Each structure stands twice: as C-alpha cells, then as structure tokens.
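Novice: Contents of target-v9.tsv (TSV, C-alpha atoms) are given next:
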```tsv
chain	number	residue	atom	x	y	z
A	1	MET	CA	123.67	133.71	126.91
A	2	PRO	CA	119.90	133.45	127.46
A	3	VAL	CA	118.70	132.47	130.91
A	4	PRO	CA	116.85	129.14	130.66
A	5	PHE	CA	113.56	128.41	132.39
A	6	PRO	CA	114.21	126.00	135.30
A	7	ALA	CA	112.21	122.78	135.18
A	8	ALA	CA	110.52	123.73	138.45
A	9	ASP	CA	109.20	126.93	136.86
A	10	THR	CA	107.76	125.21	133.80
A	11	THR	CA	106.22	122.56	136.04
A	12	ARG	CA	104.46	125.25	138.11
A	13	LEU	CA	103.22	126.94	134.93
A	14	HIS	CA	101.87	123.65	133.61
A	15	GLU	CA	100.17	122.87	136.91
A	16	THR	CA	98.60	126.34	137.03
A	17	LEU	CA	97.45	126.13	133.40
A	18	THR	CA	95.86	122.76	134.16
A	19	ALA	CA	94.25	124.09	137.33
A	20	VAL	CA	92.61	127.10	135.65
A	21	VAL	CA	91.32	124.84	132.87
A	22	ASP	CA	89.97	122.32	135.39
A	23	ASP	CA	88.34	125.24	137.24
A	24	GLY	CA	86.39	126.16	134.09
A	25	ALA	CA	88.34	129.29	133.24
A	26	SER	CA	88.90	128.08	129.67
A	27	PRO	CA	88.25	124.90	127.67
A	28	GLY	CA	92.00	124.57	127.21
A	29	GLY	CA	95.18	126.47	126.62
A	30	VAL	CA	98.80	126.55	125.55
A	31	VAL	CA	101.83	128.10	127.24
A	32	ILE	CA	105.17	128.36	125.46
A	33	CYS	CA	108.35	129.16	127.39
A	34	GLY	CA	111.25	129.95	125.09
A	35	THR	CA	114.71	131.45	124.84
A	36	THR	CA	116.62	132.95	121.95
A	37	ASP	CA	119.02	130.02	121.79
A	38	GLY	CA	116.16	127.84	120.54
A	39	GLN	CA	115.12	126.14	123.76
A	40	GLN	CA	111.35	125.87	124.03
A	41	ARG	CA	108.81	124.15	126.24
A	42	ILE	CA	105.23	123.77	124.99
A	43	LEU	CA	102.72	123.19	127.77
A	44	THR	CA	99.10	122.27	127.03
A	45	ALA	CA	95.93	121.48	128.95
A	46	GLY	CA	92.29	120.70	128.19
A	47	ALA	CA	90.80	120.76	124.71
A	48	VAL	CA	90.38	123.47	122.08
A	49	ALA	CA	86.61	123.50	122.75
A	50	PRO	CA	83.81	120.93	123.08
A	51	GLU	CA	82.70	121.47	119.46
A	52	CYS	CA	86.24	120.69	118.28
A	53	GLY	CA	86.47	117.23	119.86
A	54	ASP	CA	88.68	115.96	122.65
A	55	ALA	CA	92.05	116.75	121.10
A	56	PRO	CA	94.22	119.10	123.16
A	57	PRO	CA	95.28	122.45	121.73
A	58	THR	CA	98.75	122.63	120.19
A	59	ALA	CA	101.26	125.25	119.09
A	60	GLU	CA	99.34	125.33	115.79
A	61	THR	CA	95.88	126.02	117.27
A	62	VAL	CA	94.46	129.32	115.99
A	63	TYR	CA	93.29	131.84	118.58
A	64	ASP	CA	91.64	135.24	118.39
A	65	ILE	CA	94.43	137.22	120.08
A	66	ALA	CA	92.22	140.32	120.64
A	67	SER	CA	94.24	143.25	122.03
A	68	LEU	CA	97.54	141.52	121.33
A	69	THR	CA	96.76	142.97	117.89
A	70	LYS	CA	98.09	146.25	119.30
A	71	VAL	CA	101.60	144.85	119.80
A	72	VAL	CA	101.62	142.20	117.05
A	73	ALA	CA	100.28	144.37	114.22
A	74	THR	CA	99.95	148.09	115.00
A	75	TRP	CA	103.03	148.64	117.17
A	76	PRO	CA	105.60	147.06	114.80
A	77	LEU	CA	104.02	148.75	111.77
A	78	ILE	CA	104.25	152.11	113.55
A	79	GLY	CA	107.92	151.37	114.23
A	80	ARG	CA	108.53	150.67	110.56
A	81	ALA	CA	106.68	153.82	109.51
A	82	LEU	CA	108.82	155.87	111.89
A	83	ASP	CA	111.99	154.31	110.50
A	84	ALA	CA	110.82	155.13	106.96
A	85	GLY	CA	110.19	158.77	107.89
A	86	LEU	CA	106.45	158.51	107.35
A	87	LEU	CA	105.62	159.37	110.97
A	88	ASN	CA	106.88	161.43	113.86
A	89	LEU	CA	105.99	160.47	117.42
A	90	ASP	CA	105.41	164.11	118.38
A	91	GLU	CA	103.02	165.00	115.55
A	92	PRO	CA	99.23	165.17	116.08
A	93	VAL	CA	97.49	162.08	114.78
A	94	ARG	CA	95.30	164.15	112.45
A	95	THR	CA	98.37	164.94	110.31
A	96	ALA	CA	98.73	161.23	109.53
A	97	LEU	CA	95.10	160.87	108.43
A	98	PRO	CA	93.14	162.17	105.42
A	99	PRO	CA	92.59	165.92	105.87
A	100	ILE	CA	89.32	167.23	107.25
A	101	SER	CA	88.15	170.80	107.69
A	102	GLY	CA	87.09	172.45	110.92
A	103	GLU	CA	87.59	171.49	114.53
A	104	ALA	CA	89.04	168.08	115.37
A	105	PRO	CA	89.68	167.90	119.14
A	106	SER	CA	90.52	164.21	119.09
A	107	GLY	CA	93.03	164.80	116.31
A	108	ALA	CA	95.29	166.86	118.56
A	109	PRO	CA	96.87	164.06	120.67
A	110	THR	CA	100.21	162.88	119.34
A	111	ILE	CA	101.17	159.49	117.97
A	112	GLN	CA	103.15	158.92	121.15
A	113	GLN	CA	100.17	159.76	123.35
A	114	LEU	CA	98.03	157.28	121.44
A	115	LEU	CA	100.68	154.58	121.78
A	116	THR	CA	101.03	155.18	125.52
A	117	HIS	CA	97.29	155.46	126.27
A	118	THR	CA	97.73	159.01	127.54
A	119	SER	CA	95.74	160.77	124.79
A	120	GLY	CA	92.66	161.88	126.73
A	121	LEU	CA	90.39	160.34	124.07
A	122	ARG	CA	87.09	158.82	125.10
A	123	ALA	CA	87.75	155.51	126.81
A	124	SER	CA	84.44	153.89	125.87
A	125	THR	CA	84.31	153.03	122.18
A	126	ARG	CA	80.94	152.21	120.57
A	127	LEU	CA	81.31	152.31	116.80
A	128	ASP	CA	77.77	150.94	116.48
A	129	HIS	CA	76.60	154.48	117.33
A	130	TYR	CA	77.97	155.56	113.95
A	131	ARG	CA	76.03	153.08	111.85
A	132	GLY	CA	74.08	154.59	109.01
A	133	THR	CA	76.44	157.48	108.28
A	134	ASN	CA	78.53	158.00	105.16
A	135	THR	CA	81.09	160.14	106.98
A	136	PRO	CA	84.54	158.47	107.08
A	137	LEU	CA	85.32	156.83	110.38
A	138	HIS	CA	88.47	158.84	111.01
A	139	GLU	CA	86.50	162.08	110.66
A	140	LEU	CA	83.82	160.90	113.08
A	141	LEU	CA	86.45	159.98	115.64
A	142	LEU	CA	88.54	163.13	115.22
A	143	ARG	CA	85.53	165.42	115.70
A	144	GLU	CA	84.73	163.91	119.10
A	145	PRO	CA	85.61	166.02	122.15
A	146	LEU	CA	88.42	164.82	124.39
A	147	GLU	CA	87.28	163.19	127.59
A	148	THR	CA	90.23	164.49	129.63
A	149	GLU	CA	93.37	166.50	129.10
A	150	PRO	CA	96.18	164.34	127.66
A	151	GLY	CA	98.71	163.05	130.14
A	152	ALA	CA	97.10	160.55	132.51
A	153	HIS	CA	97.12	156.85	131.66
A	154	ARG	CA	93.80	155.28	130.65
A	155	TYR	CA	93.58	152.21	128.43
A	156	ILE	CA	91.85	153.38	125.24
A	157	ASN	CA	91.11	151.23	122.18
A	158	ARG	CA	90.05	154.26	120.15
A	159	GLY	CA	93.65	155.49	119.86
A	160	TYR	CA	94.75	152.27	118.20
A	161	ILE	CA	91.79	152.37	115.85
A	162	LEU	CA	93.08	155.77	114.72
A	163	LEU	CA	96.65	154.43	114.44
A	164	GLY	CA	95.44	151.59	112.23
A	165	LEU	CA	93.57	154.04	109.99
A	166	ALA	CA	96.66	156.26	109.86
A	167	LEU	CA	98.90	153.37	108.77
A	168	ALA	CA	96.53	152.47	105.95
A	169	HIS	CA	96.39	156.09	104.80
A	170	LEU	CA	100.15	156.68	104.95
A	171	HIS	CA	100.93	153.53	102.96
A	172	GLN	CA	97.85	153.71	100.74
A	173	GLU	CA	97.38	150.04	101.47
A	174	PRO	CA	94.87	148.17	103.68
A	175	LEU	CA	96.03	147.41	107.20
A	176	ASP	CA	95.62	143.66	106.81
A	177	ARG	CA	97.85	143.64	103.71
A	178	LEU	CA	100.50	145.73	105.45
A	179	ALA	CA	100.49	143.38	108.42
A	180	HIS	CA	100.55	140.26	106.25
A	181	GLY	CA	103.66	141.49	104.46
A	182	MET	CA	105.41	142.12	107.76
A	183	TRP	CA	104.39	138.79	109.30
A	184	SER	CA	105.58	136.96	106.19
A	185	THR	CA	109.08	138.40	106.57
A	186	LEU	CA	109.11	137.19	110.19
A	187	GLY	CA	107.98	133.67	109.33
A	188	MET	CA	104.54	134.03	110.92
A	189	SER	CA	102.63	132.11	108.26
A	190	ALA	CA	99.58	131.33	110.42
A	191	THR	CA	98.95	134.91	111.61
A	192	CYS	CA	96.26	136.93	109.85
A	193	TYR	CA	93.33	139.24	110.26
A	194	GLY	CA	90.01	137.39	110.34
A	195	PRO	CA	87.63	136.05	109.55
A	196	VAL	CA	89.13	132.57	109.43
A	197	THR	CA	87.32	129.38	108.45
A	198	ARG	CA	85.75	127.43	111.29
A	199	ALA	CA	87.73	124.27	111.95
A	200	ARG	CA	88.77	121.96	114.77
A	201	THR	CA	92.06	123.82	114.89
A	202	VAL	CA	90.38	127.22	115.47
A	203	ALA	CA	89.36	128.08	119.03
A	204	PRO	CA	85.76	129.37	119.33
A	205	THR	CA	85.13	132.25	121.71
A	206	GLU	CA	81.89	133.50	123.22
A	207	GLN	CA	78.22	132.69	122.85
A	208	ARG	CA	76.65	136.11	123.32
A	209	LEU	CA	72.99	135.06	123.32
A	210	PRO	CA	71.42	131.75	124.43
A	211	GLY	CA	70.69	129.65	121.36
A	212	ALA	CA	72.71	131.91	119.07
A	213	PRO	CA	75.79	130.64	117.21
A	214	ARG	CA	79.05	130.92	119.10
A	215	ILE	CA	81.62	133.37	117.73
A	216	TRP	CA	84.04	131.14	115.86
A	217	GLY	CA	86.61	132.43	113.41
A	218	ALA	CA	85.32	136.01	113.54
A	219	ALA	CA	86.57	138.88	115.69
A	220	HIS	CA	85.27	138.70	119.26
A	221	ASP	CA	85.74	142.45	119.71
A	222	ASP	CA	82.54	144.27	118.67
A	223	ASN	CA	84.26	147.34	117.24
A	224	ALA	CA	86.73	145.28	115.22
A	225	ALA	CA	83.80	143.23	113.90
A	226	ILE	CA	81.99	146.41	112.81
A	227	MET	CA	85.17	147.39	110.93
A	228	GLY	CA	85.10	144.12	109.01
A	229	GLY	CA	87.48	142.40	111.40
A	230	ILE	CA	90.44	144.61	110.45
A	231	ALA	CA	91.41	147.22	113.03
A	232	GLY	CA	94.42	148.58	114.86
A	233	HIS	CA	93.22	147.48	118.28
A	234	ALA	CA	91.88	143.95	117.68
A	235	GLY	CA	90.97	141.44	115.00
A	236	VAL	CA	94.15	139.38	114.52
A	237	PHE	CA	94.23	135.58	114.73
A	238	SER	CA	97.44	133.73	115.49
A	239	THR	CA	98.88	130.55	116.94
A	240	PRO	CA	101.05	130.01	120.02
A	241	GLY	CA	103.83	128.93	117.68
A	242	ASP	CA	103.64	132.10	115.59
A	243	LEU	CA	103.59	134.29	118.69
A	244	ALA	CA	106.69	132.47	119.92
A	245	THR	CA	108.33	133.10	116.52
A	246	TYR	CA	107.45	136.78	116.83
A	247	ALA	CA	108.80	137.03	120.37
A	248	HIS	CA	112.03	135.29	119.33
A	249	ALA	CA	112.44	137.71	116.38
A	250	LEU	CA	111.86	140.78	118.56
A	251	ILE	CA	114.32	139.78	121.25
A	252	THR	CA	116.94	138.69	118.71
A	253	ALA	CA	116.59	142.05	116.93
A	254	TYR	CA	116.85	143.81	120.30
A	255	GLN	CA	120.14	142.04	120.99
A	256	ASP	CA	121.52	142.36	117.44
A	257	GLY	CA	120.48	145.95	116.73
A	258	GLY	CA	117.84	145.37	114.03
A	259	VAL	CA	115.15	147.94	113.21
A	260	LEU	CA	112.46	146.20	115.25
A	261	GLY	CA	115.00	145.71	118.02
A	262	GLY	CA	115.72	149.42	118.17
A	263	TRP	CA	111.99	150.10	118.23
A	264	LEU	CA	111.55	147.62	121.09
A	265	ARG	CA	114.42	149.23	123.00
A	266	ALA	CA	112.78	152.67	122.59
A	267	SER	CA	109.46	151.21	123.68
A	268	LEU	CA	110.85	149.98	127.00
A	269	VAL	CA	111.19	153.55	128.28
A	270	PRO	CA	108.41	154.29	130.82
A	271	HIS	CA	105.98	157.05	129.80
A	272	ALA	CA	103.14	156.75	132.30
A	273	SER	CA	102.47	155.03	135.60
A	274	ILE	CA	99.74	152.39	135.61
A	275	GLU	CA	100.08	151.27	139.22
A	276	PRO	CA	102.99	150.79	141.60
A	277	GLY	CA	105.63	148.72	139.81
A	278	LEU	CA	103.94	148.89	136.40
A	279	HIS	CA	104.41	151.52	133.70
A	280	ARG	CA	103.28	152.00	130.14
A	281	GLY	CA	105.97	152.18	127.51
A	282	LEU	CA	105.15	152.54	123.82
A	283	SER	CA	102.24	150.07	123.64
A	284	TRP	CA	103.77	147.56	126.08
A	285	ILE	CA	103.24	147.31	129.84
A	286	LEU	CA	106.59	147.46	131.61
A	287	ALA	CA	107.50	145.58	134.78
A	288	ASP	CA	110.65	144.69	136.70
A	289	GLY	CA	112.12	148.15	136.24
A	290	GLY	CA	111.49	148.09	132.48
A	291	ARG	CA	113.30	144.77	131.95
A	292	THR	CA	110.06	142.93	131.11
A	293	ALA	CA	107.43	143.98	128.59
A	294	TYR	CA	104.04	142.33	128.22
A	295	HIS	CA	100.52	142.75	126.91
A	296	HIS	CA	97.22	140.92	127.32
A	297	GLY	CA	94.34	140.14	124.98
A	298	PHE	CA	90.75	140.17	126.29
A	299	THR	CA	90.04	136.67	124.93
A	300	GLY	CA	92.66	135.16	127.23
A	301	THR	CA	95.97	135.64	125.45
A	302	SER	CA	99.24	137.14	126.72
A	303	LEU	CA	102.76	137.77	125.46
A	304	TYR	CA	105.77	138.45	127.73
A	305	LEU	CA	109.28	139.53	126.67
A	306	ALA	CA	112.46	139.73	128.74
A	307	PRO	CA	115.02	140.98	126.19
A	308	ASP	CA	118.02	141.19	128.54
A	309	THR	CA	117.69	137.53	129.54
A	310	GLY	CA	116.60	136.33	126.10
A	311	ARG	CA	113.36	134.83	127.41
A	312	TYR	CA	109.74	134.99	126.28
A	313	LEU	CA	106.43	133.52	127.37
A	314	VAL	CA	103.26	133.00	125.33
A	315	ILE	CA	99.80	132.26	126.73
A	316	CYS	CA	96.90	131.33	124.44
A	317	THR	CA	93.47	130.44	125.80
A	318	ASN	CA	89.91	131.08	124.69
A	319	ALA	CA	88.86	132.05	128.21
A	320	VAL	CA	85.85	134.09	127.04
A	321	TYR	CA	84.29	130.77	125.99
A	322	HIS	CA	82.67	130.71	129.43
A	323	GLY	CA	81.96	134.45	129.56
A	324	THR	CA	83.00	136.03	132.85
A	325	ALA	CA	85.18	133.03	133.69
A	326	ARG	CA	87.89	134.82	131.72
A	327	THR	CA	88.92	136.53	134.97
A	328	ARG	CA	89.91	133.15	136.41
A	329	ILE	CA	93.05	132.99	134.27
A	330	ALA	CA	94.51	135.77	136.45
A	331	PRO	CA	96.61	133.26	138.50
A	332	LEU	CA	98.22	131.97	135.30
A	333	ARG	CA	99.05	135.47	134.08
A	334	ALA	CA	100.43	136.46	137.47
A	335	LEU	CA	102.66	133.39	137.61
A	336	ALA	CA	103.84	133.98	134.04
A	337	LEU	CA	104.97	137.50	134.93
A	338	LYS	CA	106.68	136.33	138.11
A	339	THR	CA	108.41	133.51	136.23
A	340	ILE	CA	109.79	135.56	133.37
A	341	CYS	CA	111.06	138.25	135.74
A	342	ALA	CA	112.93	135.70	137.87
A	343	ILE	CA	116.65	135.21	137.19
```
Please lay out the structure from this file as structure tokens.

Specialist:
Amino acid sequence: MPVPFPAADTTRLHETLTAVVDDGASPGGVVICGTTDGQQRILTAGAVAPECGDAPPTAETVYDIASLTKVVATWPLIGRALDAGLLNLDEPVRTALPPISGEAPSGAPTIQQLLTHTSGLRASTRLDHYRGTNTPLHELLLREPLETEPGAHRYINRGYILLGLALAHLHQEPLDRLAHGMWSTLGMSATCYGPVTRARTVAPTEQRLPGAPRIWGAAHDDNAAIMGGIAGHAGVFSTPGDLATYAHALITAYQDGGVLGGWLRASLVPHASIEPGLHRGLSWILADGGRTAYHHGFTGTSLYLAPDTGRYLVICTNAVYHGTARTRIAPLRALALKTICAI
C-alpha cells in the first residue's frame, strides 16, 4: 500500500510555498502531493502573475517546465526507443544521428553518458553562435571538441539536445509529434511543446530587458527558443495536474512491471556522484539511497518520485518572473525532498 502524506507534512509544504511567494520568490505556485491509490492534495499560493489577474494558480495552470523536459519528454522516449531496439545505451551518439564524414569528437560519448551527464561535452551551450550557417545542427555539435574526458558528472544541456535530434532521426518524425503521441497515451492532454497562446491560465516567465515584452507562452530557455521551442533539453509546457498524472503513471508502471516502469527501475541505478548523498541515475537525480528520484526545471518547477512508497510530489512556479529571485524557492524544494523521503 502507498504511504500517505501526513497532514502535518502537507501543512508545512503549504506554509513554505506561501512563505516563498510572500517573500517575492514567485508570483504564485502549486504543489501536488499524491499517492498511487488516488489520494491527492493540491496546495496553492499567490496568483499566476499580475498580468493574469488576482486568481490563484490551479492544477490546470500552464507552466514552462524548462529542464523537466529532459525527464518528461526525452527520457521516456529514449526508454521506448531502447525497448523497440532502435537504440543501445552503449553505442556512440553519432550512430543514432544522420551520418557525417570526418572527425566528430563530440559524437563519441555514448547514449548512457549523455543521459547521465558524464559525456565530457562542452557544458556551456550557445546555439546563437551558429546562426547564419546552413550546416545541420547535429553536425555542428558533433564536430566540437570534448571539454573533458567522459566520466565525471557535469550537468550538460547539449547532450539532451543531441538526444532529441537522435530521437527525431531514428523515428523520422519531429520530436514534438513523438512526445505528443506518448503524452496522449498517458492522459496528459495539456502537455505540449510551445509556443502556447498567451492567456490568464498560462504563467509568464521573465522580462529580459526593461520595457521589453515579458516571455509568455514561449520557451524561456534561449537555446530551445533558437530551435523553434522544440528541443530535448527544454521547451515543454505542462500543468501541475498533468505532471501528477505522469508521476502516477510512472510509479504504477514501476510497481506493475510496465515498459516505462522497467525503464524507471533501470534509471534508479546510480552512475555518477553529484555530491554526498546525491547521485545521477539515467536522467534523474537520486537521493535516499536511490529510493527517490527527482529533477528540477530552471523556471521553478520540480518533480519527485518515490516508487517504493507510491508517492510523488509536483512543484510548479514561475520563479524566474522576478529574475534572480528564482533561488529563493530553494527552501520549498529542500522541504519537498525531505518530505517525500520520510516514511
């Protein structure tokens, strides 16, 4: 049986969510605490954003989930491709991409090394440096020199950009269409790649320049935006409710032996140390001895899974609305991890 969230825990989460909103960390936010037996608590605070009126955010509010794209789109699609025999974790990424001639240093790291952020690829990604060229993006990236020898953990968006390009090539279908088909089968009807239409139900993100329009309905991540909003590392929009649906499906499959459940189980094996007590599995960060998996999105989103106890936690905020104030949601994320690990 799933382990329920005690009322005291959800109260602390709600109080902390309210406190970080009152402190100016985000205009508002939603936290969902759920279990696989259908119990769910939806906690809200603040408003979606000043330009959206005074209404609080809900489970249906649309957020730019930023790097949660890695575990909501790319990671499950990689799992399906592996199950279909289209990929092998130990093969160099260049073999999953359109062929190019000559040297390709950044094509040598394996699919597994890209998933675990141990590839040695350049950590800083500036696709704007490639504007004005007709050379395919995968070729430009593969021809780059490695920054370090593969093996050490460094968080690298570039690897997931390559994984997204590889998925599109292997299936001969755009990444957004592949993801949409998968999300549809999971009941995630509100999840999509952007852009999405500006509306009161869509959380705006950052105003980059004084007087300039705020980013609203378009990818906050610069590199994803350059790629038309469709990338393996960022660009997906979702709702707290859809993320809860996804978490429920993953944990249920883990417990019942479904394809995605087997992929999640394989992904909970540590591959690289991040810091004491935290390891990188396949895409996910692992805590509590590998019993908890989680990931963050730069915009202020987080997803936590505890498959053995049947519990999940979703955080959705637009904390980049106030720029550097995004860092002030750290207490909420820390409490979320502590809460889901508790038994």

Novice: Could you check how far CA of Gln40 in chain A sits from CA of Thr10 in chain A, in Å to one decimal?

Specialist: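 CA of Thr10 in chain A lies at a distance of 10.4 Å from CA of Gln40 in chain A.
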
Novice: Report as a tab-separated table the residues of range 161-274 of chain A within 10 Å of range 107-122 of chain A, each with its shortest atom pair and distance in Å (one decimal), using all atoms listed in the file, ordered by chain and increasing residue number.

Specialist:
```
residue	atom	partner	partner_atom	distance
A:Ile161	CA	A:Leu114	CA	9.7
A:Leu162	CA	A:Leu114	CA	8.5
A:Leu163	CA	A:Ile111	CA	7.6
A:Ala166	CA	A:Ile111	CA	9.8
A:Ser267	CA	A:Thr116	CA	9.5
A:Pro270	CA	A:Thr116	CA	9.1
A:His271	CA	A:Thr116	CA	6.8
A:Ala272	CA	A:Thr116	CA	7.3
```

Novice: Can you measure CA of Ala249 in chain A to CA of Thr185 in chain A for me? One decimal in Å is fine.

Specialist: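 Computing the Euclidean distance for CA of Ala249 in chain A and CA of Thr185 in chain A yields 10.4 Å.
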
Novice: Fewer than 2 positions away in the same chain doesn't count, so skip those; otherwise give me all residues within 8 Å of range 16-29 of chain A, counting all atoms listed in the file, as an NGL selection string.

Specialist: :A and (12-14 or 31 or 44-50 or 56-57 or 315-322 or 325-329 or 331-332)

Novice: Tell me, as a PyMOL selection string, which residues lie within 10 Å of Gly323 in chain A, counting all atoms listed in the file; anything in the same chain fewer than 6 positions away does not count.

Specialist: chain A and resi 25-26+205-208+299

Novice: Would you work out the distance separating CA of Ala266 in chain A from CA of Tyr160 in chain A, expressed in Å to one decimal?

Specialist: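 Value for the CA of Ala266 in chain A-CA of Tyr160 in chain A distance: 18.6 Å.
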
Novice: Using only C-alpha atoms, which residue out of A:Leu268, A:Ala306, A:Ala152, A:Ile100 lies closest to Ser283 in chain A?

Specialist: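 Once distances to Ser283 in chain A are computed over only C-alpha atoms, the minimum belongs to A:Leu268.
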
Novice: Which residues are close to Pro276 in chain A, i.e. within 12 Å by only C-alpha atoms, leaving aside same-chain residues fewer than 4 positions away? Reply as a list of chain:residue names.

Specialist: A:Ala272, A:Arg280, A:Leu286, A:Ala287, A:Asp288, A:Gly289

Novice: Counting all atoms listed in the file, what is within 8 Å of Ile340 in chain A, bar same-chain residues fewer than 6 positions away, as a list in words?

Specialist: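 Counting only the stated atoms, we get Thr292, Tyr304, Leu305, Ala306, Arg311, Tyr312 and Leu313 of chain A.
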
Novice: Using only C-alpha atoms, which of A:Gly281, A:Gly310, A:Gly159, A:Pro105 sits nearest Leu142 in chain A?

Specialist: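 Of A:Gly281, A:Gly310, A:Gly159, A:Pro105, the one nearest Leu142 in chain A, counting only C-alpha atoms, is A:Pro105.
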
Novice: Might you pull out every residue within 8 Å of Ser67 in chain A, with only C-alpha atoms counted and same-chain residues fewer than 6 positions away left off, and present them as a list in words?

Specialist: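 Near Ser67 in chain A, the qualifying residues are His233, Ala234, Gly235, His295, His296, Gly297 and Phe298 of chain A.
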
Novice: Go through A:Arg214, A:His279, A:Arg291, A:Arg200 one by one, measure the shortest atom-to-atom distance of each to Arg265 in chain A using only C-alpha atoms, and give the residue with the smallest value.

Specialist: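 Looking at the shortest contact to Arg265 in chain A, the residue is A:Arg291.
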
Novice: Around (101.1, 149.5, 116.9) in the file's frame, which residues reach within 8 Å when counting only C-alpha atoms? Return as a list of chain:residue names?

Specialist: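 With a cut-off of 8 Å, the residues come to A:Thr69, A:Lys70, A:Val71, A:Val72, A:Ala73, A:Thr74, A:Trp75, A:Pro76, A:Leu77, A:Ile78, A:Gly79, A:Leu115, A:Tyr160, A:Leu163, A:Gly164, A:Gly232, A:Ser283.
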